[in-house]
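Worksheet: the structure to be examined is printed underneath.
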Amino acid sequence: MKILVTGGAGYIGSHFVNLLVSKNIEAVVIDNLSRGHIEAVNKNSVFEKVDILEYERILNLLAYHKPDAVVHFAAFAYVGESVENPLLYYNNNVIGSYNLIKACKEAGIKKFVFSSTCSIYGNPESIPINEEQKPDPINPYANTKLAIEKILNDFDRAYGIKYISLRYFNAAGADPNGLIGESHLPEPHLIPIILETALGKREKVNVFGNDYKTLDGTCIRDYIHVNDLASAHLKAIDYLHNAGESQIINLGTGIGNSVLEIINRSINITGKKINFMVVERRKGDPAVLVADYSKAQNQLNWKPEFSIDQIISTAWNWHQNPKY
Ligand code: UDP
């Protein structure tokens with residue numbers, strides 16, 4: 001089997017490529033390296049530096065490599081940046097993905113796994129969130145992901161491209177081997193920010209609000225280990241391989257942790273002092289996001305393996321000695 005992975009130099013993509021290689025599955029990585037890291041690309045994969053906006057090159061690569069499936073991670077993924085610069089997001093995420101999906105149609109590739117997001121749900125109606133909840137994005141980033149899901153749905157109906165759209169909750173953690181991990185510039189995510197504070201790289205963690213209707217007043221999120229996300233993608237490919245119908249599937253653990261809980265667990269795991277200060281709420285943050293992942297369990301035979309403490313400790317292992 002051969003899988004073409006866009007964004008394979010990025011955080012989640014690189015963990016997925018490692019999984020493919022560990023299973024002796026051929027991996028072709030496409031990345032423009034604008035935000036990914038060449039050091040993250042598995043040496044036993046084929047690497048092609050190309051942008052998904054380059055339609056002809058993408059089409060040629062698909063025709064040349066003839067992958068059994070495409071797994072599409074490449075995207076810009078900063079909510080704040082998408083609000084400031086929606087043009088960048090619609091161009092890269094929507095036009096780029098449209099190019100890729102169109103090239104798949106032209107090249108006769110009919111299996112597609114897409115990296116989507118729980119932010120599509122906006123402010124959820126109820127918790128835990130299942131796939132029946134109506135999408136209601138509240139920022140351009142989530143709008144772009146929903147637009148791509150709609151393109152996939154239309155291309156399935158008209159051209160028979162079968163897809164799985166995986167709506168991730170909060171990706172976190174790093175491969176326990178310590179060779180790859182999360183490295184964003186700037187870093188907007190809670191766990192890396194906490195660990196950089198533990199390392200003395202930051203003075204303190206700003207806690208965005210403690211007046212939410214939660215037990216300790218801080219926001220609750222469903223943190224899921226990046227290798228659990230990777231394994232779900234492989235199961236999605238298996239599912240499509242067995243002639244499964246297109247599906248939209250949540251990926252989370254079903255367990256929520258508040259910002260203060262994450263800080264306290266991180267203090268225990270690192271043994272370091274972690275200063276924090278409560279500041280204003282961050283705009284657009286729902287109080288609670290927790291997944292109902294029963295569809296992933298039923299359709300993909302997948303379940304998460306990593307606990308929140310393992311998420312933090314693998315991230316800690318990486319952040320103490322990042323390779324890029
Ligand atoms: N958060 C925080 N301080 C930070 C970064 C994040 O309090 O410096 C909170 C944020 O409000 C949210 C949670 O941590 O409730 C996770 O945020 P992150 O940006 O990691 O992921 P998101 O939920 O936005 O995808």
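All residue names refer to the structure tokens as shown: chains lettered A, B, ... in order, residues numbered from 1 in each chain, ligands numbered from 1 in order.
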
| request: List the neighbours of Glu106 of chain A out to 9 Å using only C-alpha atoms; skip same-chain residues closer than 3 positions along the sequence, and give me the result as a PyMOL selection string. | output: chain A and resi 59+63+101-103+109

What are the closest atom pairs, with distances in Å to one decimal, for all residues of chain A lying within 7 Å of ligand 1? Consider only C-alpha atoms and all ligand atoms, order rows by chain and residue number, and present the result as a Markdown table.
| residue | atom | partner | partner_atom_place_in_ligand_line | distance |
| --- | --- | --- | --- | --- |
| A:Asn170 | CA | ligand 1 | 25 (O) | 5.6 |
| A:Pro188 | CA | ligand 1 | 19 (O) | 5.2 |
| A:His189 | CA | ligand 1 | 20 (O) | 3.2 |
| A:Leu190 | CA | ligand 1 | 20 (O) | 3.8 |
| A:Ile191 | CA | ligand 1 | 20 (O) | 6.4 |
| A:Ile193 | CA | ligand 1 | 8 (O) | 6.1 |
| A:Val205 | CA | ligand 1 | 8 (O) | 5.7 |
| A:Asn206 | CA | ligand 1 | 3 (N) | 4.9 |
| A:Val207 | CA | ligand 1 | 7 (O) | 3.5 |
| A:Phe208 | CA | ligand 1 | 7 (O) | 3.9 |
| A:Gly209 | CA | ligand 1 | 7 (O) | 6.9 |
| A:Cys219 | CA | ligand 1 | 15 (O) | 4.3 |
| A:Ile220 | CA | ligand 1 | 15 (O) | 6.0 |
| A:Arg221 | CA | ligand 1 | 23 (O) | 6.2 |
| A:Val259 | CA | ligand 1 | 14 (O) | 5.5 |
| A:Arg281 | CA | ligand 1 | 11 (O) | 7.0 |
| A:Arg282 | CA | ligand 1 | 11 (O) | 5.8 |
| A:Asp285 | CA | ligand 1 | 11 (O) | 5.9 |

| query | Do you have the atom CA of Pro128 of chain A-atom CA of Ile311 of chain A distance handy? | reply |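 Here the two named atoms are 20.6 Å from each other.
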
| request: Would you work out the distance separating atom CA of Glu39 of chain A from atom CA of Ile58 of chain A, expressed in Å to one decimal? | output: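 For atom CA of Glu39 of chain A relative to atom CA of Ile58 of chain A, the distance reads 22.4 Å.
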
| task | Identify which of the residues A:Glu131, A:Asp228, A:Asp292, A:Glu203 lies closest to Lys273 of chain A, counting only C-alpha atoms when measuring atom-to-atom distances. | result |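 Under the stated criterion, the closest residue is A:Glu203.
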
Please identify all polymer residues within 10 Å of segment 213-215 of chain A, counting only C-alpha atoms, omitting same-chain residues fewer than 2 positions from it, and present them as a PDB file with N, CA and C atoms, in the first residue's frame.
ATOM      1  N   ASN A 210     -11.317  32.975  34.169  1.00  0.00           N
ATOM      2  CA  ASN A 210     -11.697  31.972  35.184  1.00  0.00           C
ATOM      3  C   ASN A 210     -13.125  32.204  35.681  1.00  0.00           C
ATOM      4  N   ASP A 211     -13.927  32.801  34.752  1.00  0.00           N
ATOM      5  CA  ASP A 211     -15.327  33.045  35.111  1.00  0.00           C
ATOM      6  C   ASP A 211     -16.279  32.288  34.179  1.00  0.00           C
ATOM      7  N   GLY A 217     -13.888  27.357  36.875  1.00  0.00           N
ATOM      8  CA  GLY A 217     -14.061  28.614  36.153  1.00  0.00           C
ATOM      9  C   GLY A 217     -13.220  28.737  34.882  1.00  0.00           C
ATOM     10  N   THR A 218     -12.274  27.792  34.665  1.00  0.00           N
ATOM     11  CA  THR A 218     -11.447  27.884  33.447  1.00  0.00           C
ATOM     12  C   THR A 218     -11.986  26.921  32.379  1.00  0.00           C
ATOM     13  N   CYS A 219     -11.593  27.176  31.129  1.00  0.00           N
ATOM     14  CA  CYS A 219     -12.150  26.406  30.002  1.00  0.00           C
ATOM     15  C   CYS A 219     -11.739  24.936  30.049  1.00  0.00           C
ATOM     16  N   ILE A 220     -12.653  24.114  29.604  1.00  0.00           N
ATOM     17  CA  ILE A 220     -12.399  22.664  29.558  1.00  0.00           C
ATOM     18  C   ILE A 220     -12.245  22.220  28.110  1.00  0.00           C
ATOM     19  N   SER A 258      -9.666  21.041  32.615  1.00  0.00           N
ATOM     20  CA  SER A 258      -9.669  22.501  32.636  1.00  0.00           C
ATOM     21  C   SER A 258      -8.224  23.012  32.507  1.00  0.00           C
ATOM     22  N   ALA A 287     -16.776  27.529  26.505  1.00  0.00           N
ATOM     23  CA  ALA A 287     -16.395  27.095  27.860  1.00  0.00           C
ATOM     24  C   ALA A 287     -15.923  25.640  27.864  1.00  0.00           C
ATOM     25  N   VAL A 288     -16.681  24.782  27.179  1.00  0.00           N
ATOM     26  CA  VAL A 288     -16.375  23.344  27.238  1.00  0.00           C
ATOM     27  C   VAL A 288     -16.443  22.732  25.841  1.00  0.00           C
TER      28      VAL A 288
END

| said: Just checking: using only C-alpha atoms, which residue out of A:Gly80, A:Gly36, A:Gly8, A:Pro124 ends up closest to His184 of chain A? | reply: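 Checking each candidate against His184 of chain A, we get A:Gly36 as the closest.
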
| message | Restricting the calculation to only C-alpha atoms: of A:Ala171, A:Ile3, A:Cys118, A:Leu240, which residue gets closest to Leu146 of chain A? | response |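 Using only C-alpha atoms, the shortest distance to Leu146 of chain A belongs to A:Cys118.
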